[in-house]
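One file, model20.cif, carrying mmCIF, C-alpha atoms:
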data_structure
#
loop_
_atom_site.label_atom_id
_atom_site.label_comp_id
_atom_site.auth_asym_id
_atom_site.auth_seq_id
_atom_site.Cartn_x
_atom_site.Cartn_y
_atom_site.Cartn_z
CA MET A 1 0.00 0.00 0.00
CA GLU A 2 1.37 3.42 -0.98
CA VAL A 3 1.67 5.92 1.85
CA ARG A 4 1.95 9.63 1.10
CA ILE A 5 3.16 12.11 3.68
CA ARG A 6 2.07 15.71 3.22
CA VAL A 7 4.44 18.42 4.39
CA ASN A 8 3.46 22.07 4.23
CA GLU A 9 5.79 24.95 3.36
CA HIS A 10 6.32 26.00 6.98
CA GLU A 11 7.42 22.50 7.98
CA ILE A 12 9.87 22.36 5.06
CA GLU A 13 11.41 25.67 6.17
CA LEU A 14 11.85 24.34 9.69
CA ILE A 15 13.54 21.18 8.41
CA VAL A 16 15.94 23.16 6.20
CA LYS A 17 16.72 25.55 9.05
CA ARG A 18 17.58 22.65 11.38
CA VAL A 19 19.91 21.15 8.76
CA LEU A 20 21.67 24.51 8.25
CA ASP A 21 22.04 25.01 12.00
CA VAL A 22 23.73 21.60 12.31
CA MET A 23 26.05 22.42 9.39
CA ALA A 24 26.89 25.78 10.95
CA SER A 25 27.85 24.22 14.25
CA GLU A 26 29.91 21.43 12.66
CA GLU A 27 31.66 23.28 9.85
CA ASN A 28 31.68 26.84 11.18
CA LEU A 29 31.16 28.02 7.59
CA PHE A 30 27.50 29.00 7.52
CA SER A 31 25.72 31.59 9.60
CA SER A 32 22.20 31.20 10.90
CA VAL A 33 19.67 32.07 8.22
CA GLU A 34 16.19 33.47 8.66
CA LEU A 35 14.00 31.68 6.13
CA ALA A 36 10.81 33.63 6.67
CA GLN A 37 12.12 36.78 4.93
CA PRO A 38 11.62 36.56 1.12
CA ASP A 39 13.82 39.60 0.44
CA ARG A 40 16.94 37.81 1.77
CA GLU A 41 18.85 34.83 0.42
CA ILE A 42 17.77 31.57 2.03
CA ILE A 43 21.12 29.85 1.61
CA PRO A 44 24.46 31.71 1.42
CA ASP A 45 26.65 31.14 -1.63
CA ILE A 46 29.12 28.47 -0.61
CA THR A 47 31.41 29.35 -3.55
CA ALA A 48 31.91 32.92 -2.32
CA GLY A 49 34.57 31.93 0.19
CA ASP A 50 38.20 31.38 -0.69
CA LEU A 51 39.16 27.74 -0.17
CA ARG A 52 42.65 28.84 0.81
CA GLU A 53 41.31 30.71 3.81
CA GLN A 54 39.18 27.87 5.21
CA CYS A 55 40.48 25.59 7.94
CA LEU A 56 38.49 22.39 7.50
CA VAL A 57 40.63 20.17 9.73
CA LEU A 58 39.36 20.10 13.29
CA GLY A 59 42.06 20.92 15.85
CA PRO A 60 45.22 20.94 13.66
CA LYS A 61 48.42 20.58 15.69
CA ASP A 62 50.00 23.65 14.05
CA ARG A 63 47.22 25.83 12.65
CA ASP A 64 49.56 28.57 11.40
CA ALA A 65 51.72 26.14 9.42
CA PHE A 66 48.64 24.37 8.10
CA MET A 67 47.02 27.62 6.89
CA ALA A 68 50.31 28.78 5.34
CA LEU A 69 50.29 25.57 3.30
CA ARG A 70 46.63 26.04 2.35
CA ARG A 71 47.28 29.56 1.08
CA MET A 72 49.93 28.33 -1.33
CA THR A 73 47.45 26.50 -3.58
CA PRO A 74 43.74 26.48 -4.47
CA ALA A 75 43.91 22.66 -4.62
CA ARG A 76 41.72 20.71 -2.22
CA ILE A 77 44.29 19.80 0.41
CA GLY A 78 43.66 19.42 4.12
CA VAL A 79 39.88 19.22 3.72
CA GLY A 80 39.35 17.02 6.77
CA HIS A 81 36.96 14.09 6.94
CA ALA A 82 33.96 12.71 8.76
CA GLY A 83 34.80 9.08 9.33
CA ALA A 84 35.74 7.69 5.94
CA ARG A 85 33.88 10.41 4.04
CA TYR A 86 34.32 14.04 3.03
CA ARG A 87 32.83 16.60 5.34
CA THR A 88 29.59 18.32 4.35
CA ALA A 89 31.16 21.66 3.40
CA THR A 90 33.83 19.95 1.27
CA MET A 91 31.27 17.89 -0.62
CA LEU A 92 28.92 20.83 -1.22
CA ARG A 93 31.77 23.01 -2.52
CA PHE A 94 32.94 20.21 -4.82
CA GLN A 95 29.43 19.81 -6.24
CA ALA A 96 29.02 23.58 -6.70
CA ASP A 97 32.35 23.95 -8.54
CA HIS A 98 31.57 20.92 -10.69
CA ALA A 99 28.18 22.42 -11.59
CA ALA A 100 29.84 25.71 -12.59
CA ALA A 101 32.29 23.85 -14.83
CA GLN A 102 29.47 21.92 -16.52
CA SER A 103 27.41 25.07 -17.00
CA THR A 104 30.12 27.00 -18.83
CA VAL A 105 30.90 24.05 -21.13
CA PHE A 106 27.29 23.65 -22.23
CA SER A 107 26.32 27.33 -22.50
CA ASP A 108 26.93 29.86 -25.27
CA VAL A 109 28.40 33.34 -25.04
CA SER A 110 25.41 35.68 -24.93
CA GLU A 111 24.56 37.77 -27.99
CA ALA A 112 23.96 40.77 -25.73
CA PHE A 113 27.53 40.58 -24.45
CA LEU A 114 29.02 40.35 -27.95
CA THR A 115 26.94 43.33 -29.07
CA ARG A 116 27.95 45.34 -26.02
CA ILE A 117 31.69 44.97 -26.63
CA GLY A 118 31.33 45.25 -30.42
CA LEU A 119 32.61 41.87 -31.60
CA GLN A 120 31.46 40.70 -35.02
CA THR A 121 30.53 37.00 -34.83
CA TYR A 122 31.41 34.20 -37.24
CA ARG A 123 30.54 30.53 -36.79
CA THR A 124 32.48 27.39 -37.62
CA LEU A 125 30.87 24.39 -39.33
CA CYS A 126 29.19 23.42 -36.04
CA GLU A 127 25.45 24.05 -35.88
CA SER A 128 25.09 23.71 -32.12
CA ARG A 129 26.98 23.37 -28.85
CA ASP A 130 26.29 19.62 -28.81
CA GLU A 131 27.81 19.23 -32.28
CA PHE A 132 30.81 21.29 -31.21
CA LEU A 133 31.44 18.95 -28.27
CA THR A 134 30.90 15.71 -30.17
CA LYS A 135 32.51 16.55 -33.53
CA PRO A 136 35.81 18.39 -32.88
CA ASP A 137 36.80 18.52 -36.57
CA LYS A 138 33.87 20.79 -37.39
CA GLY A 139 34.99 23.24 -34.70
CA ARG A 140 38.32 23.72 -36.54
CA ARG A 141 36.95 24.77 -39.93
CA PHE A 142 34.73 27.39 -41.56
CA ALA A 143 32.36 27.23 -44.48
CA GLU A 144 33.72 28.90 -47.62
CA ASP A 145 31.17 31.74 -47.38
CA THR A 146 32.08 32.41 -43.76
CA LEU A 147 35.80 32.35 -44.54
CA ARG A 148 35.22 34.80 -47.38
CA GLN A 149 33.33 37.16 -45.04
CA ILE A 150 36.18 37.11 -42.53
CA MET A 151 38.71 37.85 -45.26
CA GLN A 152 36.60 40.77 -46.51
CA SER A 153 36.36 42.19 -42.98
CA VAL A 154 40.16 42.45 -42.87
CA CYS A 155 40.38 45.31 -45.34
CA ASP A 156 44.00 46.39 -45.06
CA PRO A 157 47.14 44.22 -45.06
CA ILE A 158 47.90 43.23 -41.47
CA GLN A 159 50.79 41.65 -39.60
CA VAL A 160 48.74 40.16 -36.77
CA LEU A 161 45.31 38.52 -36.81
CA LEU A 162 43.64 38.71 -33.38
CA TYR A 163 40.31 37.12 -32.45
CA VAL A 164 38.40 35.38 -29.65
CA ALA A 165 36.81 31.91 -29.68
CA ASP A 166 34.51 30.40 -27.08
CA GLY A 167 36.30 27.05 -26.90
CA LEU A 168 35.13 25.12 -23.84
CA SER A 169 34.29 28.07 -21.59
CA SER A 170 31.74 30.74 -22.44
CA CYS A 171 32.29 32.21 -18.97
CA SER A 172 35.95 32.81 -19.81
CA VAL A 173 35.09 34.96 -22.82
CA GLU A 174 32.55 37.08 -20.97
CA THR A 175 34.86 37.53 -17.98
CA ASN A 176 38.19 38.25 -19.67
CA ALA A 177 37.67 39.49 -23.24
CA PRO A 178 36.62 43.07 -22.31
CA ASP A 179 39.83 43.54 -20.29
CA ILE A 180 42.46 41.72 -22.35
CA LEU A 181 41.52 42.75 -25.90
CA PRO A 182 42.19 46.50 -25.42
CA VAL A 183 45.55 45.77 -23.81
CA ILE A 184 46.71 43.68 -26.78
CA SER A 185 45.27 45.96 -29.48
CA ARG A 186 46.66 49.16 -27.97
CA GLY A 187 49.98 47.51 -27.16
CA LEU A 188 50.47 46.39 -30.76
CA GLU A 189 49.35 49.78 -32.05
CA GLY A 190 51.87 51.47 -29.77
CA TYR A 191 54.67 49.44 -31.36
CA GLY A 192 53.45 50.19 -34.88
CA VAL A 193 52.27 46.60 -35.52
CA ARG A 194 49.28 46.41 -37.89
CA CYS A 195 46.42 44.39 -36.40
CA ASN A 196 42.81 43.76 -37.41
CA THR A 197 39.70 44.72 -35.48
CA PRO A 198 39.15 41.66 -33.23
CA PHE A 199 36.15 39.43 -33.89
CA PHE A 200 34.49 36.42 -32.24
CA VAL A 201 34.31 32.82 -33.48
CA LYS A 202 31.37 30.80 -32.18
CA TYR A 203 31.99 27.08 -31.62
CA GLY A 204 35.68 27.63 -32.35
CA ARG A 205 38.68 25.50 -31.44
CA VAL A 206 42.39 26.30 -31.46
CA ALA A 207 43.01 25.08 -35.00
CA THR A 208 40.65 27.67 -36.50
CA GLN A 209 43.81 29.79 -36.61
CA ASP A 210 45.34 27.40 -39.15
CA GLN A 211 42.65 27.90 -41.78
CA LEU A 212 42.49 31.63 -41.07
CA GLY A 213 46.28 31.93 -41.22
CA GLU A 214 46.46 30.36 -44.65
CA ALA A 215 43.56 32.43 -45.99
CA ILE A 216 44.54 35.86 -44.64
CA GLN A 217 48.32 35.44 -44.76
CA ALA A 218 48.97 37.35 -41.54
CA GLU A 219 52.44 36.83 -40.10
CA VAL A 220 51.13 36.00 -36.63
CA VAL A 221 47.72 34.68 -35.60
CA CYS A 222 46.57 34.97 -31.97
CA VAL A 223 43.37 33.37 -30.71
CA LEU A 224 42.10 33.96 -27.18
CA LEU A 225 40.22 30.84 -26.22
CA GLY A 226 38.10 29.64 -23.31
CA GLU A 227 39.98 26.84 -21.52
CA ARG A 228 38.44 23.56 -20.43
CA PRO A 229 37.08 24.44 -16.97
CA GLY A 230 38.19 22.68 -13.83
CA LEU A 231 37.19 22.65 -10.18
CA VAL A 232 39.44 25.62 -9.33
CA THR A 233 37.96 28.04 -11.87
CA ALA A 234 35.52 27.99 -14.79
CA ASP A 235 36.63 31.30 -16.34
CA SER A 236 40.23 30.64 -17.37
CA MET A 237 41.41 31.76 -20.82
CA SER A 238 44.41 30.76 -22.95
CA ALA A 239 46.19 32.58 -25.77
CA TYR A 240 47.44 30.44 -28.68
CA ILE A 241 49.91 32.38 -30.81
CA THR A 242 51.48 31.03 -33.99
CA TYR A 243 53.81 32.38 -36.65
CA ARG A 244 52.27 31.74 -40.10
CA PRO A 245 50.05 28.81 -39.08
CA THR A 246 49.10 26.22 -41.71
CA ILE A 247 46.56 23.41 -41.81
CA GLY A 248 48.03 20.16 -40.53
CA MET A 249 51.06 21.74 -38.87
CA PRO A 250 52.48 20.16 -35.67
CA GLU A 251 51.12 21.50 -32.38
CA SER A 252 54.69 22.25 -31.29
CA ARG A 253 54.60 25.36 -33.49
CA ARG A 254 52.07 27.03 -31.20
CA THR A 255 53.08 29.22 -28.28
CA VAL A 256 50.56 29.06 -25.42
CA LEU A 257 49.94 31.38 -22.50
CA ALA A 258 47.44 29.68 -20.18
CA ASN A 259 45.61 30.37 -16.91
CA ILE A 260 44.53 33.91 -17.76
CA HIS A 261 42.02 34.80 -15.04
CA LYS A 262 41.76 36.76 -11.81
CA GLY A 263 43.26 33.92 -9.76
CA GLY A 264 46.04 33.19 -12.27
CA THR A 265 47.68 35.66 -14.64
CA PRO A 266 45.60 38.88 -14.65
CA CYS A 267 44.36 40.19 -18.01
CA VAL A 268 46.55 43.30 -18.02
CA GLU A 269 49.74 41.34 -17.30
CA ALA A 270 48.79 38.58 -19.77
CA GLY A 271 47.97 41.11 -22.50
CA ALA A 272 51.33 42.84 -22.11
CA HIS A 273 53.14 39.49 -22.24
CA ILE A 274 51.23 38.49 -25.37
CA VAL A 275 52.30 41.72 -27.07
CA ASP A 276 55.94 40.95 -26.23
CA LEU A 277 55.60 37.40 -27.58
CA ILE A 278 54.09 38.66 -30.82
CA ARG A 279 56.88 41.18 -31.29
CA MET A 280 59.44 38.43 -30.70
CA MET A 281 57.75 36.20 -33.28
CA LEU A 282 57.71 38.97 -35.85
CA ASP A 283 61.39 39.57 -35.23
CA LYS A 284 62.56 35.93 -35.18
CA LYS A 285 59.91 34.66 -37.64
CA ARG A 286 59.11 31.56 -35.61
CA SER A 287 56.89 30.37 -32.75
CA GLY A 288 56.37 27.40 -30.46
CA ILE A 289 59.39 25.40 -29.40
CA GLU A 290 61.40 26.96 -32.24
CA LEU A 291 61.04 30.34 -30.57
CA GLN A 292 63.24 29.14 -27.71
CA VAL A 293 66.17 28.26 -30.01
#

Serialized structure, structure tokens:
Amino acid sequence: MEVRIRVNEHEIELIVKRVLDVMASEENLFSSVELAQPDREIIPDITAGDLREQCLVLGPKDRDAFMALRRMTPARIGVGHAGARYRTATMLRFQADHAAAQSTVFSDVSEAFLTRIGLQTYRTLCESRDEFLTKPDKGRRFAEDTLRQIMQSVCDPIQVLLYVADGLSSCSVETNAPDILPVISRGLEGYGVRCNTPFFVKYGRVATQDQLGEAIQAEVVCVLLGERPGLVTADSMSAYITYRPTIGMPESRRTVLANIHKGGTPCVEAGAHIVDLIRMMLDKKRSGIELQV
């Protein structure tokens, strides 16, 4: 016989409040929350805190040494345990960070954002985000009409082709592109290097620069790409810079600057470094591992 238990809204609020009170006393990470006020958040954002500042081990022998070690890395070290399992706060934070990583992989950069920062959009052969994730080859190439439009948009002869692609993190583009693009464009302009007006490639992978490099014949091609998100951050960007890229070339010819985000290399510093790398490539006429010779 099926038995159904009816619970009203007030009883649910009381249950949730009891659970939060227990978590607050055990983990010392949550404050008491008043659930009856609709104008306030019911549950605080667990991702707002810095993992490096949280002491999740109960009664460490040397708290100062332990926290000094924690502050050296955002990795999940010293998270404590409850018996053989993770503690509640550790598990909730893991699930929240994993959800953020999944969200940015499966979402698109918003059209409103692209319009606001003035980036013309071109799409690879992929018709959707699902196709981009399941058919990598299509994310490396453009249709002939699209390629022709990009070539026509680059009116004057240029030395450097600069553009942004969503890659595997839409969040990365929306977070970093507004800050890093002006640094690179103005830096190159200040050194007298001719560069195009940056544009955006939807469903684009790193190797889009190979087809574009052959078609436009720029000396250096730089694509700013959303990195595959992890549990530390979902908004990290990479710059792939190549001297005269060609279709089918070895990956060793690419120079990569990774971990561009607020917790890694800041946009201003990364942009300045990218400008220096481009100038070096123009001077030495090489990139990738050959640039170190």

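Across the model, the gap from atom CA of Gly187 of chain A to atom CA of Leu257 of chain A is 16.8 Å.
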
Pull out every residue that the PyMOL selection byres ((chain A and resi 272) around 10) matches in the shown coordinates and put them as a PDB file with C-alpha atoms, keeping the file's coordinate frame.
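Contents of part12.pdb, as written:
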ATOM      1  CA  ILE A 180      42.460  41.720 -22.350  1.00  0.00           C
ATOM      2  CA  VAL A 183      45.550  45.770 -23.810  1.00  0.00           C
ATOM      3  CA  ILE A 184      46.710  43.680 -26.780  1.00  0.00           C
ATOM      4  CA  ARG A 186      46.660  49.160 -27.970  1.00  0.00           C
ATOM      5  CA  GLY A 187      49.980  47.510 -27.160  1.00  0.00           C
ATOM      6  CA  LEU A 188      50.470  46.390 -30.760  1.00  0.00           C
ATOM      7  CA  CYS A 267      44.360  40.190 -18.010  1.00  0.00           C
ATOM      8  CA  VAL A 268      46.550  43.300 -18.020  1.00  0.00           C
ATOM      9  CA  GLU A 269      49.740  41.340 -17.300  1.00  0.00           C
ATOM     10  CA  ALA A 270      48.790  38.580 -19.770  1.00  0.00           C
ATOM     11  CA  GLY A 271      47.970  41.110 -22.500  1.00  0.00           C
ATOM     12  CA  HIS A 273      53.140  39.490 -22.240  1.00  0.00           C
ATOM     13  CA  ILE A 274      51.230  38.490 -25.370  1.00  0.00           C
ATOM     14  CA  VAL A 275      52.300  41.720 -27.070  1.00  0.00           C
ATOM     15  CA  ASP A 276      55.940  40.950 -26.230  1.00  0.00           C
ATOM     16  CA  LEU A 277      55.600  37.400 -27.580  1.00  0.00           C
TER      17      LEU A 277
END

Considering only C-alpha atoms, can you say which of A:Leu212, A:Val256, A:Leu125, A:Val160 comes closest to Gly192 of chain A? A:Val160

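You can rank A:Asp50, A:His10, A:Ser170, A:Arg279 by their closest distance to Ala101 of chain A using only C-alpha atoms, and at the top of that list sits A:Ser170.
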
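Using all atoms listed in the file, the smallest distance between any of A:Ala96, A:Leu168, A:Ala89, A:Val173 and Ile117 of chain A comes from A:Val173.
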
Evaluate the PyMOL selection byres ((chain A and resi 64-75) around 8) and record the selected residues as a PyMOL selection string, following the chain and residue labels used in the document. chain A and resi 51-53+55+60+62-63+76-78+232

Assuming the chain letters and numbering stay as they are in my file, what does the PyMOL selection byres ((chain A and resi 245) around 12) actually select? List them as a PyMOL selection string. chain A and resi 160-161+206-223+240-244+246-255+285-288

Rank nothing, just name the residue among A:Ala258, A:Ala234, A:Val16, A:Cys126 nearest to Val201 of chain A, using all atoms listed in the file.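 Distance minimum relative to Val201 of chain A lands on A:Cys126.
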
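The two atoms in question, atom CA of Thr121 of chain A and atom CA of Ser236 of chain A, are spaced 21.0 Å apart.
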
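Neighbouring residues of Asn259 of chain A at 8 Å or closer, counting only C-alpha atoms and skipping chain neighbours under 2 positions away, are Ser236, Met237, Ser238, Leu257, His261, Gly264 and Thr265 of chain A.
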
Counting all atoms listed in the file, the option among A:Lys202, A:Ser169, A:Asp145, A:Leu56 closest to Tyr86 of chain A: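 That would be A:Leu56, the residue with the smallest distance to Tyr86 of chain A.
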
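A straight line drawn from atom CA of Leu225 of chain A to atom CA of Ala165 of chain A is 5.0 Å long.
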
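The nearest approach to Phe200 of chain A among the residues A:Leu282, A:Leu14, A:Leu162, A:Cys155, with only C-alpha atoms taken into account, belongs to A:Leu162.
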
May I have the centre and edge lengths, in Å to one decimal, of an axis-aligned box around the listed atoms of segment 143-149 of chain A with 8 Å added to every side, as lines of an AutoDock Vina configuration file?
center_x = 33.5
center_y = 32.2
center_z = -45.7
size_x = 20.6
size_y = 25.9
size_z = 19.9

Give me the residues within 10 Å of Lys138 of chain A as a PyMOL selection string, counting all atoms listed in the file and dropping any in the same chain fewer than 2 places off. chain A and resi 124-127+131-136+140-143+203-205+208
